[in-house]
Amino acid sequence: MTTTSEATAVGRPPTKAAGRRVRRSGSLTPYLFLAPYGVLFIGFILLPAIYGIWISLHDYDYLLPHQPWVGLSNYTDLFKSGSRDGADFWRSIRATAIFTVFSVPLLVTIPLAIALLLNRKFPGRTFFRAIFFTPYVLGVAVVGVLFRFLLDPTIGMLNFYLSKVGFSGTTPWTTQVPWAWVGLVGMTVWWTLGFNAIIYLAGLQDISPELYEAAEVDGATAWDKFRNVTLPGLRPVMLFVLTLTLLASANMFGQSFLVTKGAPNNATRTAIYYISQVGLQQYRQGIAAAMSYILALILVLVSLLNFRLFREKDES
Amino acid sequence: MNQLYVPLSRRGFIGAAGAFGGALALAACGGKSTPPGAAGGPSGSAAGGAYNGPNVTLSFWNGWTGADGDYAKKMVSEFNAATKNIKVNMNVFQWADLFQKMPAAVTSGNGPDISAMHGDDIPTQAAQRVIVPIDAIANNLKLSESDFAPAVWQGGIYQNKRYGIPVDVHCLGLFYNKDLFEKAGLDADKPPTNKDEYMNALDKLKSKGIQGSWVSPFQFTGGLMYQSLLWQFGAELFNEDVTKATWDSEGGIAALTFMTDLVKNGYSPKNVGQDADYVALKNGRNALNWQGIWQVNEVTKLSTAKIGLAALPKIGDKGGVWGNSHQFVLPRTQGNDANKVSAAAYFVSWFTQHGADWAKSGKVPAVKKLAESSEFTSIEGLKPFADEVPDVHFPPAVAGISDAMTAMYDAVNAAVLGKSDPASALHSAANKASQILAQNKKKYG
């Protein structure tokens with residue numbers, strides 16, 4: 001959440017009084033403030049994460065009386081051809097990558113466009129803000145069932161109306177790639193764009209109106225203002241939105257679990273989907289933990305790259 | 001699985017040992033906490049016949065999320081009203097959630113007192129010590145193999161111990177749209193019973209522009225249709241000692257080819273989505289659907305279409321029908337309250353004896369006598385399913401079998417969606433499954 005406070009910092013000069021009122025005498029004070037979160041973080045994130053590494057080194061099934069130690073073989077198996085999970089796991093990583101590559105650009109740009117529209121003054125603005133945000137409050141189960149029937153290749157509404165306006169109406173939106181990806185990305189964009197739009201909207205409202213006035217005095221066009229005032233002003237917000245969307249997309253599970261069931265032939269089974277199958281249905285928590293760590297490592301690398309990219313832009 | 005490795009507390013030991021039969025005997029002694037083994041007297045009165053102990057509350061978990069859950073709820077409240085000293089609280093979860101929640105709950109000592117699960121779930125849960133053997137209850141209920149179809153009875157057994165008391169059989173049947181049959185000039189009271197009649201009906205339907213037999217690429221119910229066909233073509237899913245998957249044999253390939261040919265020859269649309277085959281049957285677009293008995297109540301109530309129900313046609317030389325059974329199981333508990341075990345036994349016994357009521361939710365009673373009773377045969381639409389029971393096959397009682405079955409469902413998906421030809425899809429799935437079976441054998445013993 002540091003990025004949001006940076007976002008505020010862009011717009012408003014820091015108040016001078018801030019910081020001075022805090023008594024510096026109690027050296028424990030900051031730690032006491034951090035303690036409640038610290039306890040939760042250590043108890044529910046840090047310790048389980050470390051324990052997870054331990055699990056990943058065993059042939060682990062918490063229900064069986066003993067968990068044989070297997071060393072790193074859960075990891076090395078994933079890189080071996082012909083192993084039980086290797087090929088399936090990397091295919092699921094590929095599915096996650098495909099989904100992320102197509103959903104993230106849309107989820108970063110479309111909400112921005114919507115936020116720009118919703119930031120203008122017009123009657124019914126609040127109503128439209130609510131409308132765009134509404135789908136986000138629905139659970140994935142609701143959205144999944146809804147879209148399963150909207151997108152169904154043979155009995156779905158989408159194909160029904162497409163056939164009315166001259167298309168074949170047999171597009172397999174849920175059972176063949178690439179159509180299934182179009183369906184999954186489309187429903188996810190519809191479902192979650194409201195969240196990103198709200199964040200952008202907050203960012204836009206933090207950009208000082210004086211900057212726009214100054215730009216107008218200099219004779220800037222609307223496009224100039226967007227490029228030179230809005231975008232730089234939104235940069236920290238964008239980094240936040242991009243990082244969050246990347247991680248959310250990489251964690252996609254419910255949509256393909258409910259809408260495509262991984263069809264065709266597990267081409268749309270994402271990494272989290274596969275990990276949950278292995279860990280919770282096949283009761284093989286050891287290798288599932290190993291897969292989770294590999295996925296986490298990939299996500300850390302992508303996030304680092306992402307931060308790096310934005311920092312370089314800042315410097316240039 | 002070696003019991004010696006289990007670090008058992010004293011209470012835990014009593015729990016485990018008690019579950020092996022001592023508990024029921026203990027219950028006969030009025031629920032006093034006697035060490036296991038000390039009691040040896042007859043315990044018939046406690047286990048199922050009646051329950052005379054103090055008031056107890058039992059929690060009962062199952063996965064009956066559909067209309068069957070409402071029937072179960074009704075039966076539970078009937079039971080509660082009739083039995084003053086036992087109160088059963090029922091919780092319904094999605095099956096998938098149940099198998100994630102229950103093991104964790106059992107491990108932490110918060111599991112239910114009674115649960116229901118499918119026959120093929122029992123070995124996995126038994127191997128993981130989520131449920132306990134209940135031979136004593138079966139003995140005291142005086143249940144014997146001759147009361148059941150053999151496959152149903154065998155379904156509750158894992159490693160020579162009984163873990164499940166069968167309550168019902170649910171299997172596939174032929175659902176057909178009578179309106180479409182009439183439209184195509186077919187006799188709506190004579191559904192196809194063999195391959196020739198099936199193909200003849202499909203050709204007549206096709207000439208009226210109706211794709212008559214939609215093939216689902218998903219487990220429900222394409223994967224279940226495939227298994228039925230496989231048995232009809234004389235193949236088996238696994239070899240006898242369940243070390244190798246054998247669905248890529250000649251019969252197995254013929255079964256899947258029959259399904260892909262339905263698509264190829266235009267009797268089914270391509271790319272059928274989840275449940276679309278069944279929805280299309282009700283909408284009057286699909287004429288023949290290999291569907292589960294659990295949908296019977298829905299189609300008999302339907303006012304927009306007349307749906308006929310029949311036994312599966314014999315496409316191959318033999319009878320073969322996919323089926324499964326719900327069985328009562330007792331999860332491992334830490335406290336081992338003898339009264340609770342005894343009360344649970346009585347509840348299970350009561351529920352099983354009311355199998356004909358339970359059947360109204362779209363099931364065949366597991367007990368043969370009940371399946372033949374007029375009380376059951378008078379229920380609309382269920383008779384054809386009861387007739388099929390001798391042909392019903394169940395998955396083998398091997399721990400972790402569903403891991404291997406998943407490979408088969410994947411092959412059906414790949415072939416029906418045209419991603420791979422039936423033979424090569426089945427070959428690679430069988431290799432994979434054999435690898436999984438070997439690993440599971442090592443894991444579960």
# chains A, B, ... in the order shown; residues from 1 in each chain; ligands from 1

$ closest_atom_pairs --of "chain A" --to "chain B" --cutoff "6 Å" --atoms "only C-alpha atoms" --output "JSON lines"
{"residue": "A:Leu63", "atom": "CA", "partner": "B:Gln128", "partner_atom": "CA", "distance": 5.3}
{"residue": "A:Leu64", "atom": "CA", "partner": "B:Gln128", "partner_atom": "CA", "distance": 5.4}
{"residue": "A:Pro65", "atom": "CA", "partner": "B:Val6", "partner_atom": "CA", "distance": 5.5}
{"residue": "A:Asp152", "atom": "CA", "partner": "B:Gly273", "partner_atom": "CA", "distance": 5.8}
{"residue": "A:Thr175", "atom": "CA", "partner": "B:Asn271", "partner_atom": "CA", "distance": 5.7}
{"residue": "A:Asn265", "atom": "CA", "partner": "B:Ala414", "partner_atom": "CA", "distance": 4.7}

$ select_by_dssp --residues "segment 211-377 of chain B" --states "alpha helix (DSSP H)" --output "PyMOL selection string"
chain B and resi 224-232+250-264+276-282+296-301+338-353+355-359+368-372+374-377

$ atom_distance --atom1 "atom CA of Ser424 of chain B" --atom2 "atom CA of Asp248 of chain B"
8.4 Å

$ residues_around --residues "Ala115 of chain A" --least-positions-apart "3" --cutoff "9 Å" --atoms "only C-alpha atoms" --output "list in words"
Ile110, Pro111, Leu112, Leu118, Asn119, Arg120, Arg129, Asn196, Ala197, Ile198, Ile199, Tyr200, Leu201, Ala202 and Leu204 of chain A

$ write_last_selection --atoms "C-alpha atoms" --output "compact mmCIF listing (two decimals), in the first residue's frame"
# COMPACT_ATOMS: atom_id res chain seq x y z
CA ILE A 110 -9.65 -0.21 -20.33
CA PRO A 111 -10.15 0.79 -16.68
CA LEU A 112 -7.94 3.83 -17.32
CA LEU A 118 -15.98 8.85 -15.11
CA ASN A 119 -13.73 11.67 -13.91
CA ARG A 120 -15.52 14.19 -16.14
CA ARG A 129 -19.38 4.73 -11.29
CA ASN A 196 -8.91 -0.96 -11.30
CA ALA A 197 -11.09 1.90 -12.54
CA ILE A 198 -11.81 3.01 -8.96
CA ILE A 199 -8.09 3.04 -8.15
CA TYR A 200 -7.36 5.07 -11.27
CA LEU A 201 -10.18 7.42 -10.39
CA ALA A 202 -8.65 8.04 -6.98
CA LEU A 204 -6.85 11.10 -11.15

$ residues_around --residues "segment 42-55 of chain A" --least-positions-apart "6" --cutoff "12 Å" --atoms "only C-alpha atoms" --output "MDAnalysis selection string"
chainID A and resid 34:36 61:62 67:72 74:75 279 284:294 296
